[in-house]
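S.K.: File query.tsv below, TSV, C-alpha atoms:
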chain	number	residue	atom	x	y	z
A	1	MET	CA	-38.10	-4.39	-7.85
A	2	ALA	CA	-37.94	-8.15	-7.24
A	3	MET	CA	-37.88	-10.38	-10.31
A	4	LYS	CA	-40.56	-13.06	-10.71
A	5	ARG	CA	-39.07	-14.81	-13.75
A	6	SER	CA	-36.31	-17.38	-13.70
A	7	ILE	CA	-32.82	-16.22	-14.67
A	8	LEU	CA	-30.45	-18.58	-16.46
A	9	HIS	CA	-26.72	-18.41	-17.31
A	10	GLU	CA	-26.16	-15.15	-15.43
A	11	PRO	CA	-22.46	-14.16	-15.09
A	12	ALA	CA	-21.73	-13.77	-11.40
A	13	PHE	CA	-19.22	-13.80	-8.54
A	14	VAL	CA	-19.85	-14.83	-4.93
A	15	LEU	CA	-18.96	-11.92	-2.64
A	16	HIS	CA	-19.77	-13.55	0.71
A	17	ARG	CA	-21.55	-16.57	2.17
A	18	TYR	CA	-23.35	-17.16	5.45
A	19	ASP	CA	-24.54	-20.37	7.09
A	20	TRP	CA	-28.31	-20.81	6.90
A	21	SER	CA	-29.63	-23.89	8.68
A	22	GLU	CA	-27.51	-27.03	8.97
A	23	SER	CA	-27.27	-27.68	5.25
A	24	SER	CA	-27.81	-24.41	3.35
A	25	LEU	CA	-26.08	-21.10	2.64
A	26	ILE	CA	-27.10	-17.49	2.06
A	27	LEU	CA	-24.97	-15.92	-0.67
A	28	GLU	CA	-24.19	-12.28	-1.44
A	29	VAL	CA	-23.62	-12.33	-5.19
A	30	LEU	CA	-22.52	-9.76	-7.78
A	31	THR	CA	-24.24	-10.38	-11.12
A	32	ARG	CA	-23.63	-8.58	-14.38
A	33	HIS	CA	-27.21	-7.75	-15.33
A	34	HIS	CA	-29.00	-7.63	-11.95
A	35	GLY	CA	-26.41	-6.11	-9.62
A	36	ARG	CA	-25.83	-7.31	-6.08
A	37	ILE	CA	-28.42	-9.85	-4.99
A	38	ALA	CA	-28.97	-12.37	-2.18
A	39	LEU	CA	-29.54	-16.06	-2.89
A	40	VAL	CA	-30.29	-19.08	-0.77
A	41	ALA	CA	-28.36	-22.19	-1.83
A	42	LYS	CA	-30.40	-25.02	-0.38
A	43	GLY	CA	-28.40	-28.07	0.65
A	44	ALA	CA	-25.12	-26.48	-0.48
A	45	LYS	CA	-23.25	-27.66	2.64
A	46	ARG	CA	-24.06	-31.33	2.08
A	47	PRO	CA	-21.10	-33.42	0.85
A	48	SER	CA	-23.17	-34.64	-2.09
A	49	SER	CA	-24.27	-31.18	-3.24
A	50	ASN	CA	-23.20	-30.03	-6.71
A	51	PHE	CA	-23.03	-26.50	-5.31
A	52	ARG	CA	-20.42	-27.34	-2.67
A	53	PRO	CA	-17.25	-27.19	-4.85
A	54	VAL	CA	-18.51	-24.31	-7.01
A	55	LEU	CA	-19.74	-21.53	-4.71
A	56	LEU	CA	-16.35	-20.01	-3.96
A	57	PRO	CA	-15.38	-16.31	-3.91
A	58	LEU	CA	-13.28	-14.76	-6.67
A	59	GLN	CA	-14.31	-17.41	-9.19
A	60	PRO	CA	-16.25	-16.63	-12.40
A	61	LEU	CA	-19.61	-18.40	-12.35
A	62	GLU	CA	-22.82	-18.71	-14.31
A	63	LEU	CA	-25.87	-18.91	-12.08
A	64	GLY	CA	-29.52	-19.78	-12.48
A	65	PHE	CA	-31.99	-18.45	-9.91
A	66	GLY	CA	-35.59	-17.42	-9.41
A	67	GLY	CA	-38.22	-16.26	-6.97
A	68	ASP	CA	-39.91	-12.99	-6.07
A	69	ALA	CA	-38.68	-12.61	-2.48
A	70	GLU	CA	-35.79	-10.43	-1.35
A	71	ILE	CA	-33.69	-13.57	-1.08
A	72	ARG	CA	-34.07	-15.61	-4.26
A	73	THR	CA	-33.43	-19.31	-4.70
A	74	LEU	CA	-30.31	-20.60	-6.43
A	75	LYS	CA	-31.23	-23.19	-9.06
A	76	ALA	CA	-27.94	-23.81	-10.87
A	77	ALA	CA	-24.27	-22.85	-10.58
A	78	GLU	CA	-21.41	-23.58	-12.97
A	79	TRP	CA	-17.75	-22.52	-12.83
A	80	THR	CA	-16.82	-20.92	-16.16
A	81	GLY	CA	-13.08	-21.36	-15.69
A	82	GLY	CA	-10.34	-19.02	-16.81
A	83	HIS	CA	-8.16	-18.73	-13.72
A	84	VAL	CA	-7.43	-20.30	-10.37
A	85	MET	CA	-8.16	-18.92	-6.90
A	86	PRO	CA	-5.86	-16.05	-5.84
A	87	THR	CA	-3.58	-16.85	-2.93
A	88	GLY	CA	-1.72	-14.99	-0.17
A	89	GLU	CA	-1.95	-11.21	-0.20
A	90	ALA	CA	-3.80	-11.31	-3.54
A	91	LEU	CA	-6.57	-13.35	-1.87
A	92	LEU	CA	-6.90	-10.78	0.91
A	93	SER	CA	-7.02	-8.02	-1.70
A	94	GLY	CA	-9.90	-9.85	-3.36
A	95	TYR	CA	-11.77	-10.06	-0.06
A	96	TYR	CA	-11.14	-6.33	0.36
A	97	LEU	CA	-12.84	-5.65	-3.00
A	98	ASN	CA	-15.77	-7.85	-1.95
A	99	GLU	CA	-16.16	-5.90	1.29
A	100	LEU	CA	-16.23	-2.64	-0.65
A	101	LEU	CA	-18.94	-3.93	-2.98
A	102	ILE	CA	-21.13	-5.18	-0.14
A	103	ARG	CA	-20.83	-1.87	1.71
A	104	LEU	CA	-21.28	0.49	-1.25
A	105	LEU	CA	-23.57	-1.24	-3.77
A	106	ALA	CA	-27.32	-1.18	-3.27
A	107	ARG	CA	-29.22	-4.38	-3.96
A	108	ASP	CA	-30.78	-4.91	-7.39
A	109	ASP	CA	-28.84	-2.02	-8.96
A	110	PRO	CA	-27.04	-3.28	-12.10
A	111	HIS	CA	-23.59	-1.95	-13.00
A	112	PRO	CA	-22.43	-4.01	-16.02
A	113	GLN	CA	-19.27	-1.96	-16.57
A	114	LEU	CA	-18.33	-2.28	-12.90
A	115	PHE	CA	-18.91	-6.04	-13.11
A	116	ASP	CA	-16.49	-6.19	-16.05
A	117	ALA	CA	-13.95	-4.15	-14.06
A	118	TYR	CA	-14.30	-6.54	-11.13
A	119	ALA	CA	-13.74	-9.52	-13.41
A	120	GLY	CA	-10.63	-7.78	-14.76
A	121	VAL	CA	-9.09	-7.05	-11.36
A	122	VAL	CA	-9.86	-10.59	-10.12
A	123	GLU	CA	-7.98	-11.94	-13.14
A	124	VAL	CA	-5.00	-9.73	-12.26
A	125	LEU	CA	-5.08	-10.98	-8.65
A	126	ALA	CA	-5.31	-14.62	-9.79
A	127	THR	CA	-2.10	-14.27	-11.82
A	128	ALA	CA	-0.18	-12.47	-9.04
A	129	ARG	CA	3.37	-13.63	-8.44
A	130	ALA	CA	5.81	-12.76	-5.69
A	131	ASP	CA	7.89	-10.24	-7.65
A	132	PRO	CA	8.01	-6.43	-7.52
A	133	ALA	CA	6.67	-5.90	-11.06
A	134	GLN	CA	3.58	-8.00	-10.45
A	135	ALA	CA	3.00	-6.35	-7.07
A	136	THR	CA	2.99	-2.98	-8.85
A	137	VAL	CA	0.41	-4.18	-11.38
A	138	GLN	CA	-1.75	-5.62	-8.60
A	139	ALA	CA	-1.68	-2.34	-6.66
A	140	ALA	CA	-2.54	-0.38	-9.81
A	141	ALA	CA	-5.48	-2.74	-10.48
A	142	LEU	CA	-6.85	-2.12	-6.97
A	143	ARG	CA	-6.60	1.67	-7.40
A	144	ALA	CA	-8.25	1.50	-10.83
A	145	PHE	CA	-11.15	-0.52	-9.42
A	146	GLU	CA	-11.56	1.83	-6.45
A	147	LEU	CA	-11.85	4.78	-8.83
A	148	LEU	CA	-14.39	3.03	-11.05
A	149	LEU	CA	-16.44	1.83	-8.07
A	150	LEU	CA	-16.63	5.34	-6.60
A	151	ARG	CA	-17.63	6.73	-10.00
A	152	GLU	CA	-20.30	4.08	-10.59
A	153	VAL	CA	-22.04	4.73	-7.26
A	154	GLY	CA	-21.89	8.51	-7.69
A	155	LEU	CA	-19.28	9.22	-5.01
A	156	LEU	CA	-16.41	10.39	-7.22
A	157	PRO	CA	-16.45	14.00	-8.43
A	158	SER	CA	-15.19	14.98	-11.86
A	159	LEU	CA	-11.40	14.91	-11.77
A	160	ASP	CA	-10.79	17.66	-14.34
A	161	VAL	CA	-12.39	20.58	-12.42
A	162	GLN	CA	-12.39	21.86	-8.84
A	163	THR	CA	-15.52	20.43	-7.27
A	164	LEU	CA	-16.96	23.44	-5.44
A	165	THR	CA	-16.31	26.05	-8.12
A	166	LEU	CA	-16.21	23.91	-11.32
A	167	VAL	CA	-13.12	25.93	-12.30
A	168	PRO	CA	-10.77	23.93	-14.57
A	169	LEU	CA	-7.57	22.66	-12.95
A	170	GLN	CA	-4.48	24.83	-13.37
A	171	THR	CA	-1.65	23.04	-15.12
A	172	ASP	CA	1.06	23.87	-12.58
A	173	ALA	CA	-1.05	23.24	-9.44
A	174	ARG	CA	-1.57	20.22	-7.17
A	175	TYR	CA	-5.01	19.06	-6.05
A	176	ALA	CA	-6.31	16.86	-3.22
A	177	LEU	CA	-9.38	14.61	-3.26
A	178	VAL	CA	-11.12	15.16	0.08
A	179	PRO	CA	-14.37	13.72	1.55
A	180	GLU	CA	-17.28	16.20	1.37
A	181	LEU	CA	-15.19	18.82	-0.47
A	182	GLY	CA	-14.21	16.79	-3.53
A	183	LEU	CA	-11.22	17.92	-5.58
A	184	ARG	CA	-9.64	21.16	-4.35
A	185	ALA	CA	-6.31	22.95	-4.32
A	186	ALA	CA	-3.90	21.07	-2.07
A	187	GLU	CA	-2.37	22.46	1.08
A	188	ALA	CA	1.34	22.15	1.86
A	189	ASP	CA	2.48	18.57	2.67
A	190	GLU	CA	-1.01	17.19	1.90
A	191	PRO	CA	-1.29	14.02	-0.25
A	192	ALA	CA	-2.17	15.32	-3.70
A	193	LEU	CA	-1.65	14.85	-7.43
A	194	ALA	CA	-0.65	17.28	-10.15
A	195	ALA	CA	-3.48	18.58	-12.32
A	196	GLY	CA	-2.36	16.62	-15.38
A	197	LEU	CA	-2.45	13.32	-13.49
A	198	TRP	CA	-6.02	13.87	-12.31
A	199	GLN	CA	-7.04	14.85	-15.84
A	200	GLY	CA	-5.41	11.69	-17.22
A	201	LEU	CA	-7.37	9.51	-14.80
A	202	GLN	CA	-10.62	11.28	-15.72
A	203	ALA	CA	-9.97	10.71	-19.43
A	204	ALA	CA	-9.16	7.02	-18.84
A	205	MET	CA	-12.43	6.42	-17.00
A	206	ARG	CA	-14.35	7.78	-20.00
A	207	ASP	CA	-12.79	5.14	-22.25
A	208	GLY	CA	-15.11	2.45	-23.60
A	209	ALA	CA	-12.86	-0.19	-22.01
A	210	ALA	CA	-12.69	1.72	-18.74
A	211	PHE	CA	-10.84	-0.81	-16.57
A	212	PRO	CA	-7.88	-1.49	-18.91
A	213	ALA	CA	-7.56	2.23	-19.67
A	214	THR	CA	-7.74	3.25	-16.01
A	215	LEU	CA	-5.31	0.48	-15.04
A	216	ARG	CA	-2.79	1.79	-17.60
A	217	SER	CA	-3.25	5.36	-16.38
A	218	VAL	CA	-2.70	4.39	-12.72
A	219	ALA	CA	0.27	2.15	-13.57
A	220	GLN	CA	1.97	5.09	-15.32
A	221	LEU	CA	1.79	7.37	-12.26
A	222	PRO	CA	5.12	8.32	-10.67
A	223	PRO	CA	5.87	6.35	-7.46
A	224	GLY	CA	5.09	9.27	-5.16
A	225	ALA	CA	1.83	10.02	-6.96
A	226	ASN	CA	0.74	6.39	-6.67
A	227	GLY	CA	1.12	6.51	-2.90
A	228	ALA	CA	-0.74	9.81	-2.72
A	229	LEU	CA	-3.63	8.41	-4.79
A	230	ARG	CA	-3.84	5.35	-2.54
A	231	SER	CA	-4.02	7.52	0.58
A	232	GLN	CA	-6.73	9.80	-0.81
A	233	LEU	CA	-8.89	6.97	-2.15
A	234	ARG	CA	-8.62	5.09	1.13
A	235	ASN	CA	-9.80	8.14	3.09
A	236	LEU	CA	-12.69	8.66	0.69
A	237	LEU	CA	-13.75	5.00	0.78
A	238	ASN	CA	-13.56	4.79	4.57
A	239	TYR	CA	-15.63	7.96	4.83
A	240	HIS	CA	-18.41	6.65	2.60
A	241	CYS	CA	-18.31	3.19	4.20
A	242	GLY	CA	-18.69	4.83	7.63
A	243	VAL	CA	-15.57	3.22	9.10
A	244	THR	CA	-12.06	4.28	10.05
A	245	SER	CA	-10.66	1.15	8.40
A	246	LEU	CA	-12.23	-1.76	6.55
A	247	ARG	CA	-12.01	-5.18	8.22
A	248	THR	CA	-9.95	-6.71	5.44
A	249	ARG	CA	-7.45	-3.83	5.60
A	250	GLN	CA	-7.07	-4.35	9.35
A	251	LEU	CA	-6.48	-8.07	8.79
A	252	MET	CA	-3.83	-7.36	6.15
A	253	ARG	CA	-1.97	-5.03	8.50
A	254	GLU	CA	-2.09	-7.58	11.33
A	255	LEU	CA	-0.67	-10.30	9.07
A	256	GLN	CA	2.07	-8.00	7.83
A	257	ASN	CA	3.01	-7.19	11.43
A	258	LEU	CA	3.28	-10.89	12.20
Please rewrite the model in this file as structure tokens.

M.R.:
Amino acid sequence: MAMKRSILHEPAFVLHRYDWSESSLILEVLTRHHGRIALVAKGAKRPSSNFRPVLLPLQPLELGFGGDAEIRTLKAAEWTGGHVMPTGEALLSGYYLNELLIRLLARDDPHPQLFDAYAGVVEVLATARADPAQATVQAAALRAFELLLLREVGLLPSLDVQTLTLVPLQTDARYALVPELGLRAAEADEPALAAGLWQGLQAAMRDGAAFPATLRSVAQLPPGANGALRSQLRNLLNYHCGVTSLRTRQLMRELQNL
């Protein structure tokens, strides 16, 4: 339902921006208390606009907006600081997260815990350095966010039972997360995780501080299990996004090939 009151000091991130007229922008924004919304930033492209240096992706903002139409009007925007813009591969990873949110989140559907997870992973990306240890943390942060996003929008089954039968996982068995079928016993040579690893991820996501707990759980996975989790989550996300590969993933592969 559209809001008719004015909103002030709302924590937010810009997910995407489109040109609208010669001087204005349409923004796709993730807010903490109102979910994903669309805003028009009138005059934001003018050199003299206070909005011009502020409305950047992957930057923590506080916004003021109002109106009762589907696209509300931006009234105020302030950078809250805390970190700089991610660069290089970390920047592309941030755009990948933004694409996921635009594709999977309905408008005006608040997810405060998911907003906090997004803020956490953006902070990890902003502190990324070109060393193997940091690359491992960055990859774990992306997997943790993917898990929490799928859970928040109702697309992730419980990870401590087999989806179709609700039978608890067997300790010595391996299980695969598959679109439409959920979590099931893995076939030979299929990307999968041991039962205990799935159960650990499920327990982490129940934690009150879900993103830090899930990040720790993913970071502690053995190298082979980390790759298997990435493959399964990517297949599940592509399936629910209705694509064979997200645009940002295609761009990352093309740049790596170059």

S.K.: Which of these, A:Phe65, A:Leu125, A:Lys42, A:Pro47, has the shortest distance to His83 (chain A) once you count only C-alpha atoms?

M.R.: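 Between A:Phe65, A:Leu125, A:Lys42, A:Pro47, the residue approaching His83 (chain A) most closely is A:Leu125.
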
S.K.: What does the distance from CA of Leu15 (chain A) to CA of Leu236 (chain A) come to in Å, to one decimal?

M.R.: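 Taking CA of Leu15 (chain A) and CA of Leu236 (chain A), their separation equals 21.8 Å.
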
S.K.: What are the closest atom pairs, with distances in Å to one decimal, for all residues of region 9-38 of chain A lying within 9 Å of region 91-113 of chain A? Consider all atoms listed in the file, order rows by chain and residue number, and present the result as CSV.

M.R.:
residue,atom,partner,partner_atom,distance
A:Val14,CA,A:Asn98,CA,8.6
A:Leu15,CA,A:Asn98,CA,5.2
A:His16,CA,A:Asn98,CA,7.5
A:Glu28,CA,A:Ile102,CA,7.8
A:Leu30,CA,A:Leu101,CA,8.4
A:Thr31,CA,A:Pro110,CA,7.7
A:Arg32,CA,A:Pro112,CA,5.0
A:His33,CA,A:Pro110,CA,5.5
A:His34,CA,A:Pro110,CA,4.8
A:Gly35,CA,A:Pro110,CA,3.8
A:Arg36,CA,A:Arg107,CA,5.0
A:Ile37,CA,A:Arg107,CA,5.6
A:Ala38,CA,A:Arg107,CA,8.2

S.K.: Quick one: residues within 7 Å of region 50-53 of chain A, all atoms listed in the file, excluding same-chain residues fewer than 4 positions away - as a list in words?

M.R.: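 Here the answer would be Ala44, Lys45 and Ala77 of chain A.
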
S.K.: Near Val84 (chain A), counting only C-alpha atoms, which residues have an atom at most 12 Å away, once you skip same-chain residues fewer than 2 positions from it, shown as a list of chain:residue names?

M.R.: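 Those residues are A:Leu56, A:Pro57, A:Leu58, A:Gln59, A:Pro60, A:Trp79, A:Thr80, A:Gly81, A:Gly82, A:Pro86, A:Thr87, A:Ala90, A:Leu91, A:Val122, A:Glu123, A:Val124, A:Leu125, A:Ala126, A:Thr127, A:Ala128.
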
S.K.: Show me, as a VMD selection string, the residues that have an atom within 7 Å of Gly182 (chain A) when counting only C-alpha atoms, minus same-chain residues fewer than 5 positions from it.

M.R.: chain A and resid 157 163 177

S.K.: Grab the CA of Ser6 (chain A) to CA of Ile26 (chain A) distance for me, in Å with one decimal place.

M.R.: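 So the two atoms, CA of Ser6 (chain A) and CA of Ile26 (chain A), lie 18.3 Å apart.
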
S.K.: Find the residue from A:Leu197, A:Thr73, A:Leu246, A:Ala192 that sits nearest to Gln232 (chain A); use only C-alpha atoms when measuring.

M.R.: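 Answer, going by the shortest atom-to-atom distance: A:Ala192.
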
S.K.: If you measure from CA of Arg72 (chain A) to CA of Val40 (chain A), what distance in Å do you get, rounded to one decimal?

M.R.: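 These atoms are spaced 6.2 Å apart.
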
S.K.: Determine the nearest neighbour of Arg234 (chain A) from the options A:Glu62, A:Asp172, A:Asp116, A:Glu146, counting all atoms listed in the file.

M.R.: A:Glu146
